[in-house]
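Okay, run06.csv is below, CSV, C-alpha atoms:
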```
chain,number,residue,atom,x,y,z
A,1,MET,CA,56.9,92.7,53.6
A,2,THR,CA,58.9,95.1,55.7
A,3,SER,CA,59.4,94.8,59.5
A,4,TYR,CA,60.8,97.2,62.0
A,5,ARG,CA,61.8,97.5,65.7
A,6,CYS,CA,63.7,95.6,68.4
A,7,HIS,CA,62.1,95.5,71.8
A,8,SER,CA,65.4,95.0,73.7
A,9,ALA,CA,66.9,97.8,71.8
A,10,VAL,CA,70.4,97.8,73.4
A,11,ALA,CA,70.9,94.0,73.1
A,12,CYS,CA,69.6,93.8,69.6
A,13,CYS,CA,71.6,96.7,68.3
A,14,TRP,CA,74.8,95.4,69.8
A,15,LEU,CA,74.1,92.1,68.3
A,16,TRP,CA,73.6,93.5,64.8
A,17,LEU,CA,76.6,95.8,65.1
A,18,LEU,CA,78.7,92.8,65.9
A,19,LEU,CA,77.4,91.2,62.7
A,20,LEU,CA,78.2,94.3,60.8
A,21,TRP,CA,74.5,95.1,60.0
A,22,PRO,CA,73.4,98.7,60.1
A,23,ALA,CA,71.6,100.2,63.1
A,24,SER,CA,68.4,100.4,61.1
A,25,ALA,CA,68.2,96.6,61.1
A,26,CYS,CA,67.6,96.8,64.9
A,27,GLN,CA,64.0,97.7,64.3
A,28,ALA,CA,61.8,94.7,64.2
A,29,GLY,CA,58.2,93.9,64.9
A,30,LEU,CA,56.2,96.4,62.9
A,31,GLN,CA,55.5,94.6,59.6
A,32,LEU,CA,54.3,96.2,56.4
A,33,MET,CA,53.0,94.7,53.2
A,34,HIS,CA,50.7,95.4,50.2
A,35,ASP,CA,48.7,92.9,48.3
A,36,PRO,CA,48.7,92.1,45.5
A,37,PRO,CA,52.4,92.9,45.1
A,38,TYR,CA,51.8,94.1,41.5
A,39,LEU,CA,48.8,93.8,39.2
A,40,GLY,CA,48.8,95.5,35.8
A,41,ALA,CA,45.1,96.2,35.8
A,42,THR,CA,42.6,98.2,37.9
A,43,HIS,CA,42.2,96.5,41.2
A,44,ARG,CA,41.6,96.7,44.9
A,45,SER,CA,44.9,96.9,46.9
A,46,THR,CA,45.3,96.3,50.6
A,47,ILE,CA,48.1,97.8,52.7
A,48,THR,CA,48.6,96.0,56.1
A,49,ALA,CA,50.6,97.2,59.1
A,50,ARG,CA,51.0,94.6,61.8
A,51,VAL,CA,52.6,94.7,65.3
A,52,ASP,CA,53.6,91.3,66.7
A,53,HIS,CA,54.7,92.4,70.1
A,54,GLU,CA,54.6,95.9,71.7
A,55,PRO,CA,55.2,95.5,75.5
A,56,LEU,CA,53.7,99.0,76.3
A,57,GLY,CA,50.6,98.1,74.4
A,58,VAL,CA,49.4,99.6,71.1
A,59,ALA,CA,47.3,102.8,71.2
A,60,ALA,CA,47.0,103.4,67.4
A,61,ILE,CA,48.6,102.6,64.1
A,62,ASP,CA,48.6,105.2,61.2
A,63,ILE,CA,49.1,104.1,57.6
A,64,GLU,CA,50.2,107.1,55.5
A,65,VAL,CA,49.6,106.7,51.8
A,66,VAL,CA,50.6,108.9,48.8
A,67,VAL,CA,49.1,108.0,45.4
A,68,GLY,CA,49.6,109.7,42.1
A,69,GLU,CA,50.1,109.2,38.4
A,70,LEU,CA,53.1,107.1,37.3
A,71,THR,CA,55.3,109.2,34.9
A,72,ASP,CA,58.7,109.0,33.2
A,73,CYS,CA,59.8,112.3,35.0
A,74,SER,CA,59.8,114.3,31.7
A,75,GLU,CA,57.3,116.7,33.3
A,76,PHE,CA,60.2,118.2,35.2
A,77,GLY,CA,61.9,119.4,32.0
A,78,GLY,CA,64.7,116.7,31.8
A,79,SER,CA,65.1,113.6,29.7
A,80,PRO,CA,62.7,110.7,30.3
A,81,SER,CA,63.7,108.3,33.1
A,82,LEU,CA,63.4,104.5,33.3
A,83,LEU,CA,62.8,104.9,37.0
A,84,PRO,CA,59.3,106.4,37.6
A,85,CYS,CA,58.2,109.7,39.1
A,86,ARG,CA,54.7,110.8,40.2
A,87,ARG,CA,52.4,113.7,39.6
A,88,SER,CA,48.9,114.8,40.7
A,89,ALA,CA,49.5,113.0,44.0
A,90,HIS,CA,47.1,113.0,47.0
A,91,ARG,CA,47.9,111.9,50.6
A,92,VAL,CA,45.7,109.9,52.9
A,93,VAL,CA,46.3,109.0,56.6
A,94,HIS,CA,44.3,106.0,57.8
A,95,ARG,CA,44.3,105.5,61.6
A,96,CYS,CA,43.3,102.4,63.5
A,97,ARG,CA,42.7,102.9,67.3
A,98,TYR,CA,42.9,100.1,69.9
A,99,ALA,CA,41.4,99.7,73.4
A,100,GLY,CA,42.8,97.6,76.1
A,101,ARG,CA,46.5,98.1,75.4
A,102,PRO,CA,46.9,95.0,73.1
A,103,GLU,CA,50.5,93.8,72.4
A,104,GLN,CA,49.5,92.6,69.0
A,105,ALA,CA,47.5,94.6,66.4
A,106,ALA,CA,46.9,94.9,62.7
A,107,CYS,CA,45.7,97.9,60.6
A,108,ARG,CA,44.5,97.6,57.0
A,109,TYR,CA,43.8,100.2,54.4
A,110,VAL,CA,42.0,99.2,51.2
A,111,HIS,CA,41.9,101.4,48.1
A,112,THR,CA,41.4,101.1,44.4
A,113,LEU,CA,44.3,101.6,42.0
A,114,GLY,CA,43.3,102.8,38.5
A,115,PRO,CA,45.6,102.9,35.4
A,116,GLY,CA,49.3,103.8,36.0
A,117,ARG,CA,49.4,104.5,39.7
A,118,LEU,CA,52.5,105.0,41.9
A,119,VAL,CA,51.8,104.3,45.6
A,120,SER,CA,54.1,105.1,48.5
A,121,TYR,CA,53.2,104.2,52.1
A,122,ARG,CA,54.6,103.9,55.6
A,123,ALA,CA,53.3,103.2,59.0
A,124,VAL,CA,53.5,105.0,62.4
A,125,LEU,CA,53.1,102.9,65.6
A,126,TRP,CA,51.8,104.8,68.6
A,127,PRO,CA,52.5,102.8,71.8
A,128,VAL,CA,50.6,103.5,74.9
A,129,GLY,CA,52.7,106.2,76.7
A,130,GLY,CA,55.8,105.5,74.5
A,131,THR,CA,57.6,107.2,71.6
A,132,PRO,CA,56.0,106.8,68.1
A,133,LEU,CA,57.9,104.6,65.7
A,134,THR,CA,57.8,105.4,61.9
A,135,SER,CA,58.7,102.7,59.4
A,136,ASN,CA,60.6,103.2,56.2
A,137,GLU,CA,58.6,104.2,53.1
A,138,VAL,CA,57.8,101.5,50.5
A,139,SER,CA,56.6,102.3,46.9
A,140,HIS,CA,55.0,100.2,44.3
A,141,ALA,CA,53.2,100.5,41.0
A,142,GLY,CA,49.7,99.3,40.2
A,143,GLY,CA,47.0,99.4,37.5
A,144,ALA,CA,47.6,99.2,33.8
A,145,PRO,CA,51.0,100.6,32.8
A,146,PRO,CA,51.0,104.0,31.1
A,147,SER,CA,50.8,103.9,27.3
A,148,GLN,CA,53.5,106.5,26.9
A,149,GLN,CA,56.3,105.6,24.5
A,150,GLN,CA,59.1,105.7,27.1
A,151,PRO,CA,59.4,102.3,28.9
A,152,LEU,CA,59.4,102.3,32.7
A,153,ALA,CA,60.7,100.0,35.4
A,154,LEU,CA,57.6,99.2,37.4
A,155,PRO,CA,58.3,98.8,41.1
A,156,VAL,CA,56.9,95.8,42.9
A,157,ARG,CA,58.7,96.9,46.1
A,158,TRP,CA,61.0,99.9,46.1
A,159,GLU,CA,62.6,101.8,49.0
A,160,ARG,CA,63.1,105.1,47.2
A,161,ALA,CA,64.9,106.8,50.1
A,162,ALA,CA,67.5,104.0,50.4
A,163,HIS,CA,71.0,104.4,48.9
A,164,PRO,CA,70.6,102.7,45.5
A,165,ALA,CA,74.0,101.0,45.6
A,166,ARG,CA,72.9,99.3,48.9
A,167,ARG,CA,70.0,97.4,47.3
A,168,ILE,CA,70.1,94.5,44.8
A,169,ASP,CA,67.7,95.6,42.0
A,170,LEU,CA,66.0,92.4,40.9
A,171,GLY,CA,63.6,92.4,37.9
A,172,LEU,CA,60.8,89.8,37.7
A,173,PHE,CA,59.8,89.7,34.0
A,174,PRO,CA,56.8,87.9,32.6
A,175,ASP,CA,57.4,85.5,29.7
A,176,PRO,CA,54.9,85.5,26.8
A,177,ALA,CA,53.8,82.0,28.0
A,178,TYR,CA,51.7,83.7,30.7
A,179,THR,CA,48.4,82.8,28.9
A,180,GLY,CA,46.4,83.9,32.0
A,181,GLY,CA,47.8,87.4,31.7
A,182,ALA,CA,48.1,89.9,34.5
A,183,ALA,CA,46.1,87.9,37.1
A,184,ASP,CA,48.3,84.8,36.8
A,185,PHE,CA,51.5,86.9,36.9
A,186,ALA,CA,50.2,88.7,40.0
A,187,ALA,CA,49.4,85.4,41.7
A,188,ASP,CA,52.9,84.1,41.0
A,189,LEU,CA,54.5,87.3,42.3
A,190,ARG,CA,52.6,86.9,45.6
A,191,ARG,CA,53.8,83.3,46.0
A,192,LEU,CA,57.4,84.2,45.1
A,193,LEU,CA,57.6,87.1,47.6
A,194,ALA,CA,56.1,85.1,50.4
A,195,GLY,CA,58.4,82.1,49.8
A,196,ALA,CA,61.7,83.7,48.9
A,197,PHE,CA,62.0,86.7,51.2
A,198,HIS,CA,61.7,87.5,54.9
A,199,GLY,CA,61.7,90.8,56.8
A,200,PRO,CA,64.8,93.0,57.5
A,201,GLY,CA,67.9,91.8,59.2
A,202,PRO,CA,70.6,89.2,58.6
A,203,LEU,CA,70.0,85.7,57.2
A,204,GLU,CA,67.9,83.9,59.8
A,205,ARG,CA,68.9,80.6,61.2
A,206,ASP,CA,67.2,77.6,59.5
A,207,ASP,CA,65.5,80.0,57.1
A,208,ARG,CA,66.4,79.6,53.4
A,209,ARG,CA,64.8,83.0,52.5
A,210,LEU,CA,66.7,86.2,51.8
A,211,PRO,CA,66.2,89.5,53.7
A,212,LEU,CA,63.8,91.7,51.8
A,213,ASP,CA,65.5,94.9,52.9
A,214,SER,CA,68.5,94.0,50.7
A,215,PHE,CA,66.4,94.2,47.5
A,216,ASN,CA,64.4,96.4,45.4
A,217,LEU,CA,62.0,94.4,43.2
A,218,TRP,CA,60.8,95.4,39.8
A,219,THR,CA,58.8,94.3,36.7
A,220,SER,CA,58.4,95.8,33.3
A,221,PRO,CA,56.3,95.9,30.2
A,222,PRO,CA,56.3,92.7,27.9
A,223,GLY,CA,59.5,91.9,26.0
A,224,ALA,CA,61.3,89.3,28.0
A,225,GLU,CA,61.4,85.7,26.8
A,226,ALA,CA,63.2,82.5,27.8
A,227,GLN,CA,63.7,79.2,26.1
A,228,GLY,CA,66.2,76.9,27.8
A,229,CYS,CA,69.5,78.9,28.2
A,230,VAL,CA,68.4,81.4,25.6
A,231,ARG,CA,67.1,84.6,27.1
A,232,ARG,CA,65.9,87.6,25.1
A,233,PHE,CA,65.1,91.1,26.3
A,234,GLN,CA,63.5,93.2,23.6
A,235,ALA,CA,61.9,96.6,23.3
A,236,GLY,CA,61.1,98.3,26.6
A,237,ALA,CA,62.0,95.2,28.7
A,238,ALA,CA,65.6,95.4,27.3
A,239,GLN,CA,66.0,99.0,28.5
A,240,VAL,CA,64.6,98.2,31.9
A,241,ALA,CA,66.8,95.0,32.3
A,242,ALA,CA,69.9,97.1,31.5
A,243,VAL,CA,69.5,99.2,34.6
A,244,LEU,CA,68.9,96.3,37.0
A,245,ASP,CA,71.4,94.0,38.8
A,246,GLY,CA,69.5,90.8,38.1
A,247,GLN,CA,66.7,89.6,35.9
A,248,ALA,CA,64.5,86.6,36.5
A,249,ILE,CA,62.2,85.6,33.6
A,250,LEU,CA,59.1,83.9,35.0
A,251,HIS,CA,57.6,81.4,32.7
A,252,ARG,CA,55.1,78.6,32.3
A,253,GLY,CA,56.9,76.9,29.4
A,254,ARG,CA,57.9,73.3,29.3
A,255,PHE,CA,61.7,73.6,29.3
A,256,ASP,CA,64.6,73.4,31.7
A,257,ASP,CA,65.4,76.5,33.7
A,258,CYS,CA,68.8,78.0,33.2
A,259,ALA,CA,70.9,80.8,34.8
A,260,ALA,CA,74.1,82.7,34.2
A,261,MET,CA,76.9,82.3,36.7
A,262,ALA,CA,77.4,85.9,37.6
A,263,LEU,CA,77.4,88.6,40.3
A,264,GLY,CA,74.4,90.2,38.6
A,265,GLY,CA,72.9,88.4,35.6
A,266,ALA,CA,69.8,86.6,34.3
A,267,GLY,CA,68.0,83.3,34.7
A,268,SER,CA,64.6,81.7,34.1
A,269,VAL,CA,62.2,80.4,36.8
A,270,TRP,CA,59.4,78.0,36.1
A,271,THR,CA,56.2,79.0,38.0
A,272,GLY,CA,54.0,76.1,37.1
A,273,ASP,CA,53.7,74.7,40.6
A,274,ASP,CA,54.0,75.6,44.3
A,275,HIS,CA,57.8,75.3,44.3
A,276,SER,CA,58.6,78.5,42.3
A,277,ALA,CA,60.0,80.4,45.3
A,278,GLY,CA,62.5,77.7,45.8
A,279,ARG,CA,63.5,77.8,42.2
A,280,LEU,CA,63.9,81.6,42.3
A,281,LEU,CA,66.3,81.2,45.3
A,282,HIS,CA,68.1,78.4,43.5
A,283,GLN,CA,68.6,80.3,40.3
A,284,GLY,CA,69.3,83.5,42.1
A,285,ALA,CA,72.2,81.8,43.9
A,286,HIS,CA,73.7,81.5,40.4
A,287,PHE,CA,72.9,84.8,38.7
A,288,LEU,CA,73.0,87.1,41.7
A,289,PHE,CA,75.7,85.5,43.9
A,290,ALA,CA,77.8,83.6,41.3
A,291,LEU,CA,77.4,80.3,43.3
A,292,GLN,CA,77.5,76.9,41.7
A,293,GLU,CA,75.6,73.7,42.7
A,294,VAL,CA,76.4,72.6,46.2
A,295,GLU,CA,76.6,68.9,45.5
A,296,GLY,CA,78.8,68.9,42.5
A,297,CYS,CA,81.3,71.4,44.0
A,298,ASP,CA,83.8,71.4,41.1
A,299,GLU,CA,81.3,70.2,38.5
A,300,ALA,CA,77.5,70.0,38.1
A,301,ALA,CA,75.9,66.7,38.9
A,302,PRO,CA,72.7,65.4,37.2
A,303,GLU,CA,69.5,65.5,39.1
A,304,THR,CA,68.1,62.3,40.3
A,305,ALA,CA,64.4,61.3,40.4
A,306,GLY,CA,64.5,61.6,44.2
A,307,GLY,CA,65.2,65.3,44.1
A,308,GLY,CA,68.9,65.1,44.9
A,309,HIS,CA,72.2,64.9,42.9
A,310,ALA,CA,74.2,61.9,41.9
A,311,SER,CA,77.3,63.2,43.7
A,312,ASP,CA,76.0,64.4,47.0
A,313,LYS,CA,79.1,63.1,48.7
A,314,HIS,CA,81.6,64.5,46.3
A,315,PRO,CA,85.0,64.5,48.1
A,316,SER,CA,85.8,68.1,47.1
A,317,CYS,CA,82.8,69.5,48.9
A,318,SER,CA,84.3,69.9,52.3
A,319,ALA,CA,87.4,71.7,50.9
A,320,ALA,CA,85.2,73.9,48.9
A,321,ALA,CA,83.1,74.7,51.9
A,322,GLU,CA,86.2,75.8,53.8
A,323,ASP,CA,87.1,78.1,50.9
A,324,MET,CA,83.8,79.8,51.3
A,325,GLN,CA,84.9,81.3,54.6
A,326,GLY,CA,87.3,83.7,52.9
A,327,PRO,CA,86.6,87.3,52.0
A,328,VAL,CA,84.2,88.2,49.2
A,329,GLY,CA,86.2,88.2,46.0
A,330,GLU,CA,88.5,85.4,47.2
A,331,GLY,CA,87.3,82.1,48.5
A,332,CYS,CA,83.7,82.8,47.5
A,333,GLN,CA,84.5,83.6,44.0
A,334,ARG,CA,86.5,80.4,43.6
A,335,TRP,CA,83.2,78.7,44.2
A,336,LYS,CA,82.1,79.7,40.7
A,337,THR,CA,81.9,77.0,38.1
A,338,ASP,CA,84.0,77.1,34.9
A,339,ARG,CA,80.8,77.0,32.9
A,340,ASP,CA,78.7,80.2,32.5
A,341,MET,CA,75.3,78.5,32.7
A,342,ALA,CA,73.5,76.2,35.1
A,343,ARG,CA,70.5,74.1,34.1
A,344,VAL,CA,67.8,73.0,36.4
A,345,PRO,CA,65.2,70.5,35.0
A,346,VAL,CA,61.8,71.4,36.4
A,347,PRO,CA,58.7,70.5,34.3
A,348,GLY,CA,57.3,67.1,35.0
A,349,SER,CA,59.9,66.2,37.5
A,350,ALA,CA,60.2,66.3,41.3
A,351,PRO,CA,61.0,69.8,42.7
A,352,ALA,CA,64.7,68.8,42.9
A,353,ARG,CA,66.9,70.9,45.1
A,354,ALA,CA,64.2,73.6,45.3
A,355,HIS,CA,65.2,74.0,48.9
A,356,GLU,CA,68.7,75.0,47.9
A,357,GLY,CA,69.6,78.6,47.6
A,358,PRO,CA,72.1,81.3,48.5
A,359,ALA,CA,71.2,81.0,52.2
A,360,THR,CA,71.7,77.3,52.6
A,361,GLY,CA,74.6,74.9,53.1
A,362,PRO,CA,78.2,76.1,52.4
A,363,HIS,CA,76.7,78.9,50.2
A,364,ARG,CA,75.5,80.7,53.3
A,365,ALA,CA,78.9,82.1,54.3
A,366,CYS,CA,79.4,83.8,50.9
A,367,THR,CA,75.8,85.1,50.9
A,368,GLU,CA,76.3,86.6,54.4
A,369,GLN,CA,79.4,88.4,53.3
A,370,ARG,CA,77.8,89.7,50.1
A,371,LEU,CA,74.7,91.1,52.0
A,372,THR,CA,76.9,92.6,54.8
A,373,ARG,CA,78.9,94.4,52.1
A,374,CYS,CA,75.6,95.4,50.5
A,375,ALA,CA,74.4,96.9,53.8
A,376,SER,CA,77.5,98.8,54.5
A,377,SER,CA,78.9,100.0,51.1
A,378,THR,CA,77.8,98.6,47.8
A,379,CYS,CA,76.2,95.3,46.8
A,380,TYR,CA,78.5,94.7,43.8
```
Turn this file's structure into structure tokens for me.
Amino acid sequence: MTSYRCHSAVACCWLWLLLLWPASACQAGLQLMHDPPYLGATHRSTITARVDHEPLGVAAIDIEVVVGELTDCSEFGGSPSLLPCRRSAHRVVHRCRYAGRPEQAACRYVHTLGPGRLVSYRAVLWPVGGTPLTSNEVSHAGGAPPSQQQPLALPVRWERAAHPARRIDLGLFPDPAYTGGAADFAADLRRLLAGAFHGPGPLERDDRRLPLDSFNLWTSPPGAEAQGCVRRFQAGAAQVAAVLDGQAILHRGRFDDCAAMALGGAGSVWTGDDHSAGRLLHQGAHFLFALQEVEGCDEAAPETAGGGHASDKHPSCSAAAEDMQGPVGEGCQRWKTDRDMARVPVPGSAPARAHEGPATGPHRACTEQRLTRCASSTCY
């Protein structure tokens, strides 16, 4: 989901500038999303543009959509690319009109995606008597992946116009344990995106989720597999994983999740219940932000049946939390564990620590610093 526009523009912009967020973060209120996020089969896709509060009233909302064939860019005469291009595209503008100057409105466009489609869309809000507001463009793939030999990174949510170094490229890879195939994977992606990410802007108070505008999200053809702390990327999945910052292998296997401790690495996420978004946040704290467990501080503590850790009151926690206030690369990096892996038991146990992630507790200061850097220069 993407949201745009501040209604007290001066106040909002000054606030974000003080927090070192870019001026584009000052747009909030116009929300964009597509559903399903990704489905590797022919399907009906719905694009929704929603306005939560427009003081002048909403006259109309346009959804501009460009759809074409997903390619590896070789049609332009160069070498094949892992990031996709598009050909044979057509453009549609779908307009919703509103009477009575409503402050809230929603516009939906439904279309069918056949094999190997690349879709880009944006919205234009037309206030009553005001200046039109245009959202950023979002792209995603849909339909069965192309059968061409060259593997492709398949976008789940991709801001193509954004500076690539200012986005964390996170891959969401299906493990072979997905016996339900494309439909099960699509359902898990929907749940993960809704539970792990919120609209643009800084980390929100009392919200464990991460800002979606700091990420591009991808998937790939089969070839990723996890079993405990052993992760394999083979064939096309290996090539795609190599160009991404982080890789989460989504699985239905009965084994403990595990993640690298790294500023850009890989981990596994069990998706067998409704707590998978919390697990993605928890594992992402390890393999995207190099953060160790909160409770253990200088060492990992075993999970307890009640969903906590045996050493919640570890005496080094307060000192470690103070360290986290330092600049990125100093205090925050000392928060790394000496081990290079972190295990999280999940199958058959309580959703222990699923609420913990990079935006919670003492981790939050490090994550804010990382995302501020991401917005202003480079993520890593």
- Of the residues A:Leu125, A:Ala99, A:Ala277, A:Val240, which is the one nearest to Gln31 of chain A, using all atoms listed in the file? A:Leu125
- Task: Please indicate the distance in Å from atom CA of Arg167 of chain A to atom CA of Phe76 of chain A, rounded to one decimal place.
- Result: 26.0 Å
- Query: Using all atoms listed in the file, which residues sit within 7 Å of Ala177 of chain A once same-chain residues fewer than 2 positions away are excluded, as JSON, numbers by chain?
  - Reply: {"A": [175, 179, 251, 252, 253]}
Contacts of Gly267 of chain A at 10 Å or less, counting only C-alpha atoms, minus same-chain residues fewer than 4 places along, as a CSV table (one decimal) with C-alpha atoms, keeping the file's coordinate frame?
```
chain,number,residue,atom,x,y,z
A,226,ALA,CA,63.2,82.5,27.8
A,228,GLY,CA,66.2,76.9,27.8
A,229,CYS,CA,69.5,78.9,28.2
A,230,VAL,CA,68.4,81.4,25.6
A,231,ARG,CA,67.1,84.6,27.1
A,246,GLY,CA,69.5,90.8,38.1
A,247,GLN,CA,66.7,89.6,35.9
A,248,ALA,CA,64.5,86.6,36.5
A,249,ILE,CA,62.2,85.6,33.6
A,250,LEU,CA,59.1,83.9,35.0
A,257,ASP,CA,65.4,76.5,33.7
A,258,CYS,CA,68.8,78.0,33.2
A,259,ALA,CA,70.9,80.8,34.8
A,260,ALA,CA,74.1,82.7,34.2
A,261,MET,CA,76.9,82.3,36.7
A,280,LEU,CA,63.9,81.6,42.3
A,283,GLN,CA,68.6,80.3,40.3
A,284,GLY,CA,69.3,83.5,42.1
A,286,HIS,CA,73.7,81.5,40.4
A,287,PHE,CA,72.9,84.8,38.7
A,288,LEU,CA,73.0,87.1,41.7
A,341,MET,CA,75.3,78.5,32.7
A,342,ALA,CA,73.5,76.2,35.1
A,343,ARG,CA,70.5,74.1,34.1
```
- How many Å separate atom CA of Ala41 of chain A from atom CA of Pro115 of chain A?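 It comes out at 6.7 Å.
Those residues that approach segment 133-138 of chain A to within 6 Å, counting only C-alpha atoms, are Ser120, Tyr121, Arg122, Ala123, Val124, Leu125, Trp158 and Glu159 of chain A; same-chain residues fewer than 6 positions away are not listed.
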- Message: Using Å and a single decimal, report how far atom CA of Ile168 of chain A sits from atom CA of Thr42 of chain A.
- Response: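 These two atoms are separated by 28.6 Å.
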- Residues within 12 Å of Ser139 of chain A, only C-alpha atoms, excluding chain neighbours under 3 positions, as a ChimeraX atom specification: /A:1-2,32-34,37-38,47,64-68,70,83-86,117-122,136,142,154-162,216-218
Output file for the selection above: C-alpha atoms, as a CSV table (one decimal), in the coordinates of the input:
```
chain,number,residue,atom,x,y,z
A,1,MET,CA,56.9,92.7,53.6
A,2,THR,CA,58.9,95.1,55.7
A,32,LEU,CA,54.3,96.2,56.4
A,33,MET,CA,53.0,94.7,53.2
A,34,HIS,CA,50.7,95.4,50.2
A,37,PRO,CA,52.4,92.9,45.1
A,38,TYR,CA,51.8,94.1,41.5
A,47,ILE,CA,48.1,97.8,52.7
A,64,GLU,CA,50.2,107.1,55.5
A,65,VAL,CA,49.6,106.7,51.8
A,66,VAL,CA,50.6,108.9,48.8
A,67,VAL,CA,49.1,108.0,45.4
A,68,GLY,CA,49.6,109.7,42.1
A,70,LEU,CA,53.1,107.1,37.3
A,83,LEU,CA,62.8,104.9,37.0
A,84,PRO,CA,59.3,106.4,37.6
A,85,CYS,CA,58.2,109.7,39.1
A,86,ARG,CA,54.7,110.8,40.2
A,117,ARG,CA,49.4,104.5,39.7
A,118,LEU,CA,52.5,105.0,41.9
A,119,VAL,CA,51.8,104.3,45.6
A,120,SER,CA,54.1,105.1,48.5
A,121,TYR,CA,53.2,104.2,52.1
A,122,ARG,CA,54.6,103.9,55.6
A,136,ASN,CA,60.6,103.2,56.2
A,142,GLY,CA,49.7,99.3,40.2
A,154,LEU,CA,57.6,99.2,37.4
A,155,PRO,CA,58.3,98.8,41.1
A,156,VAL,CA,56.9,95.8,42.9
A,157,ARG,CA,58.7,96.9,46.1
A,158,TRP,CA,61.0,99.9,46.1
A,159,GLU,CA,62.6,101.8,49.0
A,160,ARG,CA,63.1,105.1,47.2
A,161,ALA,CA,64.9,106.8,50.1
A,162,ALA,CA,67.5,104.0,50.4
A,216,ASN,CA,64.4,96.4,45.4
A,217,LEU,CA,62.0,94.4,43.2
A,218,TRP,CA,60.8,95.4,39.8
```
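Nearest to Thr48 of chain A of all the residues A:Leu244, A:Leu281, A:Cys73, A:Cys107 is A:Cys107, based on all atoms listed in the file.
Nearest residue to Ala141 of chain A, choosing from A:Gly40, A:Pro127, A:Gly77, A:Gly278 and counting only C-alpha atoms: A:Gly40.
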